[in-house]
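As provided, target.tsv (TSV, C-alpha atoms) reads as follows.
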```tsv
chain	number	residue	atom	x	y	z
A	18	MET	CA	-24.45	-88.78	-30.85
A	19	ASN	CA	-26.85	-87.88	-27.98
A	20	ALA	CA	-30.58	-88.61	-28.07
A	21	ALA	CA	-31.59	-85.03	-28.88
A	22	ALA	CA	-29.19	-84.82	-31.80
A	23	SER	CA	-30.31	-88.24	-33.03
A	24	ARG	CA	-33.92	-87.06	-33.29
A	25	PHE	CA	-32.77	-84.28	-35.56
A	26	GLN	CA	-30.37	-86.25	-37.74
A	27	GLY	CA	-30.85	-85.13	-41.31
A	28	ALA	CA	-32.35	-81.76	-40.32
A	29	ARG	CA	-30.79	-80.02	-43.31
A	30	ALA	CA	-32.31	-82.52	-45.72
A	31	TRP	CA	-35.66	-82.16	-43.95
A	32	LEU	CA	-35.44	-78.38	-44.30
A	33	ALA	CA	-34.62	-78.54	-47.98
A	34	ARG	CA	-37.43	-81.01	-48.67
A	35	ASP	CA	-40.23	-79.56	-46.56
A	36	HIS	CA	-39.53	-75.89	-47.08
A	37	GLY	CA	-40.18	-76.33	-50.79
A	38	ALA	CA	-43.33	-78.35	-50.14
A	39	SER	CA	-44.66	-75.88	-47.59
A	40	LEU	CA	-43.87	-72.87	-49.79
A	41	ILE	CA	-45.68	-74.38	-52.76
A	42	GLY	CA	-48.63	-75.46	-50.62
A	43	VAL	CA	-49.06	-72.15	-48.85
A	44	ALA	CA	-48.60	-70.31	-52.14
A	45	ALA	CA	-51.41	-72.39	-53.65
A	46	GLU	CA	-53.64	-71.75	-50.64
A	47	ASN	CA	-52.99	-68.02	-50.79
A	48	ALA	CA	-53.53	-67.97	-54.55
A	49	PHE	CA	-56.96	-69.51	-54.06
A	50	SER	CA	-57.65	-67.06	-51.24
A	51	LEU	CA	-56.64	-64.15	-53.46
A	52	VAL	CA	-58.93	-65.38	-56.24
A	53	GLY	CA	-61.70	-65.75	-53.68
A	54	SER	CA	-61.22	-62.20	-52.44
A	55	VAL	CA	-61.42	-60.93	-56.02
A	56	LEU	CA	-64.64	-62.86	-56.62
A	57	VAL	CA	-66.12	-61.55	-53.36
A	58	ALA	CA	-65.28	-57.98	-54.42
A	59	ARG	CA	-66.93	-58.61	-57.77
A	60	LEU	CA	-69.90	-60.20	-56.04
A	61	LEU	CA	-70.54	-57.64	-53.30
A	62	SER	CA	-70.62	-53.87	-53.10
A	63	PRO	CA	-68.09	-52.19	-50.76
A	64	ASP	CA	-70.88	-51.83	-48.19
A	65	ALA	CA	-71.82	-55.53	-48.21
A	66	ARG	CA	-68.13	-56.46	-48.38
A	67	GLY	CA	-67.60	-54.48	-45.20
A	68	GLU	CA	-70.41	-56.35	-43.45
A	69	LEU	CA	-68.91	-59.70	-44.45
A	70	ALA	CA	-65.45	-58.52	-43.37
A	71	ARG	CA	-66.83	-57.69	-39.93
A	72	TRP	CA	-68.19	-61.22	-39.45
A	73	VAL	CA	-65.03	-62.87	-40.77
A	74	TYR	CA	-62.77	-60.69	-38.64
A	75	TRP	CA	-64.54	-61.20	-35.32
A	76	SER	CA	-64.89	-64.94	-35.92
A	77	ALA	CA	-61.14	-65.00	-36.58
A	78	VAL	CA	-60.62	-63.26	-33.23
A	79	ALA	CA	-62.69	-65.96	-31.51
A	80	LEU	CA	-60.67	-68.62	-33.31
A	81	GLY	CA	-57.39	-66.98	-32.36
A	82	VAL	CA	-58.39	-66.90	-28.71
A	83	GLY	CA	-59.54	-70.52	-28.74
A	84	THR	CA	-56.45	-72.18	-30.19
A	85	LEU	CA	-54.46	-71.55	-26.97
A	86	GLY	CA	-51.23	-71.68	-28.96
A	87	MET	CA	-51.48	-75.37	-29.83
A	88	THR	CA	-50.54	-74.96	-33.49
A	89	SER	CA	-47.04	-73.85	-32.42
A	90	ALA	CA	-46.81	-75.63	-29.08
A	91	LEU	CA	-47.36	-79.19	-30.29
A	92	PRO	CA	-44.55	-79.26	-32.90
A	93	GLN	CA	-42.24	-77.44	-30.49
A	94	LEU	CA	-42.89	-80.03	-27.77
A	95	VAL	CA	-42.37	-82.94	-30.14
A	96	GLY	CA	-39.33	-81.34	-31.75
A	97	GLY	CA	-37.79	-80.63	-28.34
A	98	GLY	CA	-38.44	-84.16	-27.08
A	99	ARG	CA	-40.89	-83.11	-24.35
A	100	LEU	CA	-43.79	-85.16	-25.80
A	101	THR	CA	-43.99	-88.05	-28.23
A	102	LEU	CA	-46.34	-88.10	-31.20
A	103	ASP	CA	-48.33	-90.85	-29.54
A	104	ALA	CA	-48.81	-88.73	-26.42
A	105	VAL	CA	-49.98	-85.81	-28.56
A	106	ARG	CA	-52.47	-87.98	-30.46
A	107	ARG	CA	-53.93	-89.16	-27.17
A	108	LEU	CA	-54.44	-85.54	-26.18
A	109	LEU	CA	-56.33	-84.55	-29.32
A	110	PRO	CA	-59.93	-85.49	-28.35
A	111	THR	CA	-59.66	-83.61	-25.05
A	112	LEU	CA	-58.02	-80.60	-26.65
A	113	ALA	CA	-60.49	-80.51	-29.54
A	114	LEU	CA	-63.56	-80.46	-27.30
A	115	GLY	CA	-62.12	-77.97	-24.83
A	116	LEU	CA	-60.76	-75.53	-27.39
A	117	VAL	CA	-63.94	-75.53	-29.48
A	118	LEU	CA	-65.94	-74.59	-26.39
A	119	VAL	CA	-63.47	-71.83	-25.52
A	120	ALA	CA	-63.64	-70.39	-29.04
A	121	ILE	CA	-67.45	-70.45	-29.19
A	122	ALA	CA	-67.62	-68.79	-25.78
A	123	ALA	CA	-65.25	-66.08	-27.00
A	124	GLY	CA	-67.39	-65.59	-30.10
A	125	THR	CA	-70.54	-65.31	-27.99
A	126	VAL	CA	-68.92	-62.54	-25.98
A	127	LEU	CA	-67.88	-60.78	-29.20
A	128	ALA	CA	-71.32	-61.08	-30.82
A	129	PRO	CA	-72.45	-57.52	-29.95
A	130	THR	CA	-69.35	-56.15	-31.67
A	131	ALA	CA	-69.78	-58.40	-34.70
A	132	CYS	CA	-73.41	-57.33	-35.05
A	133	PRO	CA	-73.48	-53.68	-33.92
A	134	THR	CA	-76.72	-52.70	-35.65
A	135	GLY	CA	-79.03	-55.28	-34.06
A	136	PRO	CA	-79.65	-59.06	-33.81
A	137	CYS	CA	-76.87	-61.14	-35.34
A	138	ALA	CA	-77.50	-62.18	-38.92
A	139	ALA	CA	-77.34	-65.78	-40.06
A	140	GLY	CA	-73.96	-65.12	-41.66
A	141	TRP	CA	-72.37	-64.46	-38.28
A	142	ARG	CA	-73.94	-67.60	-36.81
A	143	TRP	CA	-72.55	-69.72	-39.65
A	144	MET	CA	-69.08	-68.32	-39.06
A	145	LEU	CA	-69.28	-68.87	-35.31
A	146	TYR	CA	-70.81	-72.35	-35.18
A	147	CYS	CA	-69.30	-73.89	-38.32
A	148	GLY	CA	-66.24	-71.89	-39.36
A	149	VAL	CA	-64.73	-71.36	-35.90
A	150	PRO	CA	-64.96	-75.02	-34.73
A	151	GLY	CA	-63.53	-76.10	-38.08
A	152	GLY	CA	-60.67	-73.66	-37.60
A	153	ILE	CA	-59.92	-75.07	-34.14
A	154	LEU	CA	-59.84	-78.65	-35.41
A	155	GLY	CA	-57.67	-77.55	-38.32
A	156	ALA	CA	-55.24	-75.76	-36.00
A	157	LEU	CA	-54.82	-78.88	-33.87
A	158	GLY	CA	-54.43	-81.07	-36.93
A	159	ALA	CA	-51.89	-78.68	-38.42
A	160	GLY	CA	-49.79	-78.74	-35.26
A	161	VAL	CA	-49.65	-82.54	-35.18
A	162	LEU	CA	-48.97	-82.88	-38.91
A	163	VAL	CA	-46.08	-80.41	-38.69
A	164	ALA	CA	-44.71	-82.32	-35.70
A	165	ALA	CA	-44.94	-85.55	-37.71
A	166	SER	CA	-43.30	-83.88	-40.76
A	167	ARG	CA	-46.39	-84.64	-42.86
A	168	ILE	CA	-46.21	-81.25	-44.52
A	169	LYS	CA	-47.65	-82.33	-47.85
A	170	VAL	CA	-50.86	-83.65	-46.30
A	171	LEU	CA	-51.34	-80.37	-44.46
A	172	MET	CA	-50.65	-78.21	-47.49
A	173	VAL	CA	-52.89	-80.20	-49.84
A	174	THR	CA	-55.82	-80.14	-47.42
A	175	ARG	CA	-55.56	-76.42	-46.80
A	176	ALA	CA	-55.24	-75.68	-50.51
A	177	LEU	CA	-58.30	-77.84	-51.26
A	178	ALA	CA	-60.30	-75.99	-48.60
A	179	ALA	CA	-59.36	-72.66	-50.17
A	180	ALA	CA	-60.29	-74.07	-53.60
A	181	GLY	CA	-63.67	-75.18	-52.23
A	182	ARG	CA	-64.32	-71.68	-50.92
A	183	VAL	CA	-63.47	-70.22	-54.33
A	184	GLY	CA	-65.80	-72.69	-56.01
A	185	ALA	CA	-68.67	-71.83	-53.69
A	186	ILE	CA	-68.20	-68.08	-54.21
A	187	ALA	CA	-67.95	-68.56	-57.97
A	188	ALA	CA	-71.24	-70.47	-57.88
A	189	LEU	CA	-72.91	-67.54	-56.07
A	190	LEU	CA	-71.55	-65.17	-58.71
A	191	ILE	CA	-72.82	-67.35	-61.55
A	192	VAL	CA	-76.36	-67.68	-60.14
A	193	GLY	CA	-76.44	-64.00	-59.16
A	194	VAL	CA	-76.81	-64.36	-55.38
A	195	ARG	CA	-75.19	-61.11	-54.21
A	196	ASP	CA	-75.73	-61.51	-50.49
A	197	ALA	CA	-73.29	-61.21	-47.58
A	198	THR	CA	-74.94	-64.05	-45.63
A	199	ALA	CA	-74.70	-66.52	-48.50
A	200	THR	CA	-71.06	-65.55	-48.96
A	201	ALA	CA	-70.40	-66.16	-45.26
A	202	ILE	CA	-71.79	-69.68	-45.65
A	203	ALA	CA	-69.42	-70.18	-48.58
A	204	PHE	CA	-66.59	-69.26	-46.19
A	205	ALA	CA	-67.75	-71.37	-43.25
A	206	LEU	CA	-68.54	-74.73	-44.88
A	207	PRO	CA	-65.11	-75.39	-46.47
A	208	MET	CA	-63.47	-74.24	-43.25
A	209	GLY	CA	-65.43	-76.77	-41.22
A	210	ALA	CA	-64.76	-79.57	-43.70
A	211	ALA	CA	-61.02	-78.85	-43.76
A	212	GLY	CA	-60.84	-78.86	-39.97
A	213	VAL	CA	-62.46	-82.28	-39.69
A	214	THR	CA	-60.21	-83.63	-42.46
A	215	LEU	CA	-57.00	-82.33	-40.89
A	216	LEU	CA	-57.84	-83.69	-37.46
A	217	ALA	CA	-58.77	-87.08	-38.91
A	218	ALA	CA	-55.45	-87.17	-40.82
A	219	THR	CA	-53.56	-87.10	-37.52
A	220	HIS	CA	-55.15	-90.40	-36.39
A	221	PRO	CA	-56.21	-89.16	-32.93
A	222	SER	CA	-56.19	-91.81	-30.24
A	223	LEU	CA	-59.10	-92.49	-27.87
A	224	ARG	CA	-56.76	-93.81	-25.20
A	225	PRO	CA	-56.52	-91.65	-22.05
A	226	PRO	CA	-53.81	-88.96	-22.18
A	227	ALA	CA	-50.47	-89.77	-20.60
A	228	ARG	CA	-49.93	-88.40	-17.11
A	229	GLY	CA	-48.77	-84.81	-17.22
A	230	ALA	CA	-49.11	-84.53	-20.98
A	231	LEU	CA	-52.10	-82.19	-20.86
A	232	VAL	CA	-50.40	-79.91	-18.33
A	233	THR	CA	-47.23	-79.87	-20.44
A	234	ALA	CA	-49.15	-79.04	-23.62
A	235	LEU	CA	-51.25	-76.34	-22.00
A	236	GLY	CA	-48.23	-74.85	-20.26
A	237	ARG	CA	-46.26	-74.52	-23.48
A	238	GLY	CA	-49.38	-73.48	-25.36
A	239	MET	CA	-50.13	-70.61	-23.01
A	240	ALA	CA	-46.48	-69.53	-23.08
A	241	VAL	CA	-46.48	-69.24	-26.87
A	242	HIS	CA	-50.10	-68.05	-26.98
A	243	ALA	CA	-49.47	-64.90	-24.98
A	244	PRO	CA	-47.78	-63.18	-27.94
A	245	ALA	CA	-50.63	-64.38	-30.18
A	246	LEU	CA	-53.18	-62.86	-27.83
A	247	ALA	CA	-51.20	-59.65	-27.88
A	248	ALA	CA	-51.23	-59.80	-31.68
A	249	ILE	CA	-55.02	-60.24	-31.61
A	250	GLY	CA	-55.27	-57.20	-29.39
A	251	LEU	CA	-53.03	-55.44	-31.86
A	252	THR	CA	-55.42	-56.16	-34.73
A	253	MET	CA	-58.36	-55.03	-32.61
A	254	ALA	CA	-56.72	-51.62	-32.34
A	255	ASN	CA	-56.66	-51.20	-36.13
A	256	GLN	CA	-58.83	-53.74	-37.96
A	257	GLY	CA	-61.30	-53.95	-35.10
A	258	TRP	CA	-61.57	-50.18	-35.07
A	259	VAL	CA	-62.12	-50.05	-38.84
A	260	TYR	CA	-64.85	-52.70	-38.83
A	261	SER	CA	-66.56	-51.36	-35.72
A	262	ARG	CA	-66.26	-47.58	-36.07
A	263	LEU	CA	-65.99	-46.74	-39.74
A	264	PRO	CA	-68.86	-47.04	-42.26
A	265	SER	CA	-69.30	-50.44	-43.90
A	266	ASP	CA	-68.10	-49.20	-47.28
A	267	ALA	CA	-64.80	-48.03	-45.73
A	268	GLY	CA	-64.57	-51.45	-44.08
A	269	GLY	CA	-65.05	-53.06	-47.47
A	270	LEU	CA	-62.22	-51.03	-49.00
A	271	TYR	CA	-59.94	-51.83	-46.07
A	272	ALA	CA	-60.83	-55.53	-46.31
A	273	VAL	CA	-59.80	-55.59	-49.98
A	274	ALA	CA	-56.54	-53.75	-49.26
A	275	ALA	CA	-55.70	-55.89	-46.23
A	276	GLY	CA	-56.66	-59.15	-47.94
A	277	ALA	CA	-54.56	-58.43	-51.02
A	278	ALA	CA	-51.58	-57.31	-48.93
A	279	ALA	CA	-51.85	-60.38	-46.71
A	280	THR	CA	-50.83	-62.58	-49.63
A	281	LEU	CA	-47.26	-61.62	-48.74
A	282	GLN	CA	-47.68	-63.64	-45.54
A	283	VAL	CA	-47.21	-66.74	-47.65
A	284	LEU	CA	-43.50	-66.27	-47.02
A	285	SER	CA	-43.62	-66.36	-43.22
A	286	LEU	CA	-46.30	-69.07	-43.14
A	287	ALA	CA	-44.19	-71.34	-45.32
A	288	GLU	CA	-41.08	-70.55	-43.30
A	289	LEU	CA	-42.76	-71.26	-39.97
A	290	THR	CA	-44.20	-74.53	-41.29
A	291	ALA	CA	-40.83	-75.75	-42.47
A	292	SER	CA	-38.47	-74.23	-39.89
A	293	THR	CA	-40.16	-74.53	-36.48
A	294	VAL	CA	-38.66	-77.95	-35.73
A	295	PRO	CA	-35.16	-77.28	-37.18
A	296	MET	CA	-34.91	-74.02	-35.18
A	297	ALA	CA	-35.40	-76.05	-31.98
A	298	HIS	CA	-32.41	-78.30	-32.75
A	299	PRO	CA	-30.02	-78.13	-29.77
A	300	GLN	CA	-26.89	-77.89	-31.95
A	301	SER	CA	-27.82	-76.47	-35.38
A	302	GLY	CA	-30.87	-74.43	-34.34
A	303	TRP	CA	-29.18	-71.03	-34.60
A	304	ARG	CA	-28.02	-71.82	-38.11
A	305	ALA	CA	-31.63	-72.61	-39.04
A	306	VAL	CA	-32.72	-69.31	-37.46
A	307	ARG	CA	-30.29	-67.31	-39.59
A	308	THR	CA	-31.37	-69.13	-42.74
A	309	ALA	CA	-35.05	-68.58	-42.00
A	310	LEU	CA	-34.63	-64.86	-41.29
A	311	TRP	CA	-32.49	-64.21	-44.35
A	312	ARG	CA	-34.85	-66.06	-46.64
A	313	THR	CA	-37.94	-64.35	-45.21
A	314	SER	CA	-36.55	-60.81	-45.26
A	315	SER	CA	-35.11	-61.08	-48.78
A	316	TRP	CA	-38.30	-62.36	-50.36
A	317	SER	CA	-40.45	-59.93	-48.37
A	318	VAL	CA	-38.54	-56.91	-49.71
A	319	ALA	CA	-38.88	-58.19	-53.26
A	320	GLY	CA	-42.61	-58.77	-52.79
A	321	VAL	CA	-43.21	-55.28	-51.38
A	322	VAL	CA	-41.44	-53.57	-54.24
A	323	ALA	CA	-43.18	-55.61	-56.93
A	324	GLY	CA	-46.60	-55.16	-55.36
A	325	ALA	CA	-46.26	-51.41	-54.94
A	326	VAL	CA	-45.24	-50.95	-58.58
A	327	ALA	CA	-48.17	-52.99	-59.90
A	328	ALA	CA	-50.88	-51.77	-57.49
A	329	PRO	CA	-52.15	-48.58	-59.24
A	330	ILE	CA	-53.13	-50.59	-62.30
A	331	ALA	CA	-53.76	-54.03	-60.80
A	332	VAL	CA	-56.12	-53.20	-57.91
A	333	PRO	CA	-58.90	-51.41	-59.86
A	334	LEU	CA	-58.45	-53.78	-62.81
A	335	ILE	CA	-58.78	-56.92	-60.70
A	336	TYR	CA	-61.22	-55.89	-57.97
A	337	GLY	CA	-63.27	-53.40	-59.94
A	338	ALA	CA	-63.48	-49.61	-60.19
A	339	PRO	CA	-65.44	-49.20	-56.89
A	340	TYR	CA	-62.35	-50.48	-55.07
A	341	ALA	CA	-59.82	-48.08	-56.65
A	342	PRO	CA	-59.53	-46.08	-53.38
A	343	ALA	CA	-57.96	-49.18	-51.82
A	344	VAL	CA	-54.69	-48.73	-53.76
A	345	VAL	CA	-52.92	-46.48	-51.23
A	346	PRO	CA	-53.89	-48.53	-48.15
A	347	PHE	CA	-52.83	-51.67	-50.03
A	348	CYS	CA	-49.31	-50.38	-50.68
A	349	ILE	CA	-48.87	-49.32	-47.07
A	350	LEU	CA	-50.24	-52.59	-45.70
A	351	LEU	CA	-48.05	-54.58	-48.08
A	352	ALA	CA	-44.98	-53.03	-46.48
A	353	ALA	CA	-46.48	-53.72	-43.05
A	354	ASN	CA	-46.91	-57.39	-43.96
A	355	GLY	CA	-43.30	-57.57	-45.08
A	356	ALA	CA	-42.17	-56.30	-41.68
A	357	GLU	CA	-44.62	-58.66	-39.95
A	358	ASN	CA	-43.09	-61.63	-41.79
A	359	VAL	CA	-39.73	-60.88	-40.18
A	360	ALA	CA	-41.30	-60.32	-36.77
A	361	ARG	CA	-43.26	-63.59	-36.89
A	362	VAL	CA	-40.24	-65.67	-37.85
A	363	GLY	CA	-38.24	-63.89	-35.15
A	364	GLN	CA	-40.89	-64.70	-32.56
A	365	SER	CA	-40.98	-68.35	-33.55
A	366	ALA	CA	-37.19	-68.47	-33.40
A	367	LEU	CA	-37.15	-67.09	-29.85
A	368	GLN	CA	-39.78	-69.62	-28.79
A	369	SER	CA	-37.98	-72.51	-30.46
A	370	ARG	CA	-34.69	-71.52	-28.83
A	371	GLY	CA	-36.26	-71.63	-25.37
A	372	HIS	CA	-37.18	-67.96	-24.90
A	373	PRO	CA	-41.01	-67.93	-25.17
A	374	LYS	CA	-41.41	-65.14	-22.64
A	375	THR	CA	-38.87	-62.95	-24.41
A	376	ALA	CA	-41.01	-63.20	-27.53
A	377	TRP	CA	-43.72	-61.25	-25.71
A	378	VAL	CA	-41.57	-58.15	-25.93
A	379	ILE	CA	-42.11	-57.99	-29.70
A	380	ASP	CA	-45.86	-57.74	-29.29
A	381	VAL	CA	-45.56	-55.29	-26.42
A	382	VAL	CA	-43.54	-53.00	-28.67
A	383	ARG	CA	-45.97	-53.44	-31.57
A	384	ALA	CA	-48.96	-52.78	-29.34
A	385	ALA	CA	-47.41	-49.68	-27.79
A	386	THR	CA	-46.42	-48.29	-31.19
A	387	LEU	CA	-49.82	-48.99	-32.72
A	388	GLY	CA	-51.66	-47.53	-29.73
A	389	ALA	CA	-49.58	-44.36	-29.86
A	390	CYS	CA	-50.12	-43.98	-33.60
A	391	MET	CA	-53.84	-44.69	-33.42
A	392	LEU	CA	-54.35	-42.19	-30.62
A	393	GLY	CA	-51.99	-39.70	-32.21
A	394	PHE	CA	-53.46	-39.49	-35.69
A	395	ALA	CA	-55.17	-42.60	-37.05
A	396	VAL	CA	-58.50	-42.33	-35.21
A	397	ARG	CA	-59.00	-38.91	-36.78
A	398	GLY	CA	-58.21	-40.17	-40.28
A	399	GLY	CA	-59.52	-42.81	-42.62
A	400	ILE	CA	-58.29	-46.23	-43.64
A	401	ALA	CA	-54.97	-44.88	-45.02
A	402	ALA	CA	-54.13	-43.42	-41.60
A	403	VAL	CA	-54.88	-46.77	-39.99
A	404	ALA	CA	-52.61	-48.45	-42.54
A	405	TRP	CA	-49.73	-46.08	-41.69
A	406	ALA	CA	-50.19	-46.83	-37.99
A	407	THR	CA	-50.05	-50.56	-38.79
A	408	LEU	CA	-46.83	-50.17	-40.76
A	409	ALA	CA	-45.15	-48.25	-37.94
A	410	SER	CA	-46.19	-50.95	-35.47
A	411	GLN	CA	-44.94	-53.89	-37.54
A	412	ALA	CA	-41.65	-52.20	-38.40
A	413	ALA	CA	-40.98	-51.54	-34.71
A	414	GLY	CA	-41.77	-55.16	-33.85
A	415	ALA	CA	-39.46	-56.52	-36.53
A	416	GLY	CA	-36.58	-54.33	-35.42
A	417	VAL	CA	-36.95	-55.26	-31.77
A	418	GLY	CA	-37.28	-58.94	-32.67
A	419	LEU	CA	-33.97	-58.94	-34.51
A	420	LEU	CA	-32.27	-57.24	-31.57
A	421	LEU	CA	-33.70	-59.77	-29.11
A	422	LEU	CA	-32.48	-62.66	-31.25
A	423	ARG	CA	-29.01	-61.16	-31.35
A	424	PHE	CA	-28.91	-60.84	-27.56
A	425	ALA	CA	-30.28	-64.38	-27.10
A	426	ARG	CA	-27.61	-65.76	-29.43
A	427	ARG	CA	-24.88	-64.00	-27.49
A	428	ARG	CA	-26.20	-65.33	-24.18
A	429	SER	CA	-26.30	-68.88	-25.52
A	430	SER	CA	-22.69	-68.54	-26.73
A	431	VAL	CA	-21.57	-67.34	-23.28
A	432	VAL	CA	-23.39	-70.20	-21.53
A	433	ALA	CA	-21.97	-72.73	-23.97
```

Translate the structure of the given file into structure tokens.
Amino acid sequence: MNAAASRFQGARAWLARDHGASLIGVAAENAFSLVGSVLVARLLSPDARGELARWVYWSAVALGVGTLGMTSALPQLVGGGRLTLDAVRRLLPTLALGLVLVAIAAGTVLAPTACPTGPCAAGWRWMLYCGVPGGILGALGAGVLVAASRIKVLMVTRALAAAGRVGAIAALLIVGVRDATATAIAFALPMGAAGVTLLAATHPSLRPPARGALVTALGRGMAVHAPALAAIGLTMANQGWVYSRLPSDAGGLYAVAAGAAATLQVLSLAELTASTVPMAHPQSGWRAVRTALWRTSSWSVAGVVAGAVAAPIAVPLIYGAPYAPAVVPFCILLAANGAENVARVGQSALQSRGHPKTAWVIDVVRAATLGACMLGFAVRGGIAAVAWATLASQAAGAGVGLLLLRFARRRSSVVA
């Protein structure tokens, strides 16, 4: 048995064990997030909910820019034998400082968009200077914990952070503080605490990084980050447009619809957590790819159907009558999230199988489709039109991703 195969001995058992743990953990995290979104809707009017959504969205953009792909790159490098866990731990202090500065700089540039009506409110500052750094530290910690197969630690910490956010929002509801800034603080503090906890759980080393390790990590990170940056640009074409151009109450309705529909992403998040390393296996990787895609697509279809049937009654009942207009956008965005699940797993599979640049094509297709739809009809419509444009984009990306995987598999068979 060669060295690469030896590192992956027992991959099937690892998949069976950690997929269940990651699915349960991400399901718990998303359940808390869903409860939190319901409490926020009950706490805030659609107008105030839209203001909060704007701060949360643009801080998430800054966070997405700042991670530089490390959440995916680190487990891929360890799984592929390019870096050892010790080398990665020695990189963590340098990466943490550098990426936090990059993310805050990105947020500073985005501040005029996040605060279009005047000076930035305290809520935005809390998200930028507490939530975003915590998110960066959490992303690094998550990458190392996945590489070390410490899935349970990762899942428990993230679920506890989501539970803390729910508790803080519930406290605001109980005491009657119906303010977007206070709610932003309730988002930012648990995020910061979780980031510090996750990074500490990796046992970062203060020893100097190994020679070439930083270049290797950044090189792989930028390769896998390019599709993520394209995805961020993709969201700026729809979500960014909603939160920047439409009235705050429309933004609040869209935030509720998008947040509820995003719960379906639990499927791809769990799959990526459990399957990134097995898909990189030099011998059995393609088998892991097929398993991951079949599992993700099957459960996504079931989730879309169930959600669409329940939505007309569930959305106004759970979120409140003011949010009843969110039902139609929710159903459309739920289908879009189902397609995105397949596209995300397909992208990760291409990256894990040594085709990171090919994965860019998926986001190019999604961006082109979304841009055409937005320019064609969505910018003249409301949030439902934006949702339809999003669905068209994600469906196109999923279809192209499956085709690219098929071609990559054929090429690997010919080479072999």

**Residues within 12 Å of Val126 of chain A, all atoms listed in the file, excluding chain neighbours under 5 positions, as an NGL selection string** = :A and (75-76 or 78-79 or 82 or 119-121 or 131-132 or 145)

For the residues in that selection, give me C-alpha atoms as a PDB file, in the frame of the given file.
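Just written: result_34.pdb:
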```
ATOM      1  CA  TRP A  75     -64.540 -61.200 -35.320  1.00  0.00           C
ATOM      2  CA  SER A  76     -64.890 -64.940 -35.920  1.00  0.00           C
ATOM      3  CA  VAL A  78     -60.620 -63.260 -33.230  1.00  0.00           C
ATOM      4  CA  ALA A  79     -62.690 -65.960 -31.510  1.00  0.00           C
ATOM      5  CA  VAL A  82     -58.390 -66.900 -28.710  1.00  0.00           C
ATOM      6  CA  VAL A 119     -63.470 -71.830 -25.520  1.00  0.00           C
ATOM      7  CA  ALA A 120     -63.640 -70.390 -29.040  1.00  0.00           C
ATOM      8  CA  ILE A 121     -67.450 -70.450 -29.190  1.00  0.00           C
ATOM      9  CA  ALA A 131     -69.780 -58.400 -34.700  1.00  0.00           C
ATOM     10  CA  CYS A 132     -73.410 -57.330 -35.050  1.00  0.00           C
ATOM     11  CA  LEU A 145     -69.280 -68.870 -35.310  1.00  0.00           C
TER      12      LEU A 145
END
```

**Prompt:** What would the list of residues within 12 Å of (-51.7, -87.1, -34.0) (file frame) look like as number ranges by chain, if all atoms listed in the file are what count?
**Reply:** A: 91-92, 95, 100-110, 112-113, 154, 157-167, 215-223

**Prompt:** Which distance in Å separates atom CA of Ala274 of chain A and atom CA of Gly212 of chain A, to one decimal?
**Reply:**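 Interatomic distance, atom CA of Ala274 of chain A to atom CA of Gly212 of chain A: 27.1 Å.
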
**Request:** May I have the protein, DNA and RNA residues with any atom at most 10 Å from the point (-67.4, -55.2, -43.9), counting only C-alpha atoms, written as a ChimeraX atom specification?
**Result:** /A:62-74,197,259-261,263-273

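Restricting the calculation to all atoms listed in the file, the smallest distance between Gln368 of chain A and any of A:Ala139, A:Leu94, A:Ile186, A:Leu392 is found for A:Leu94.
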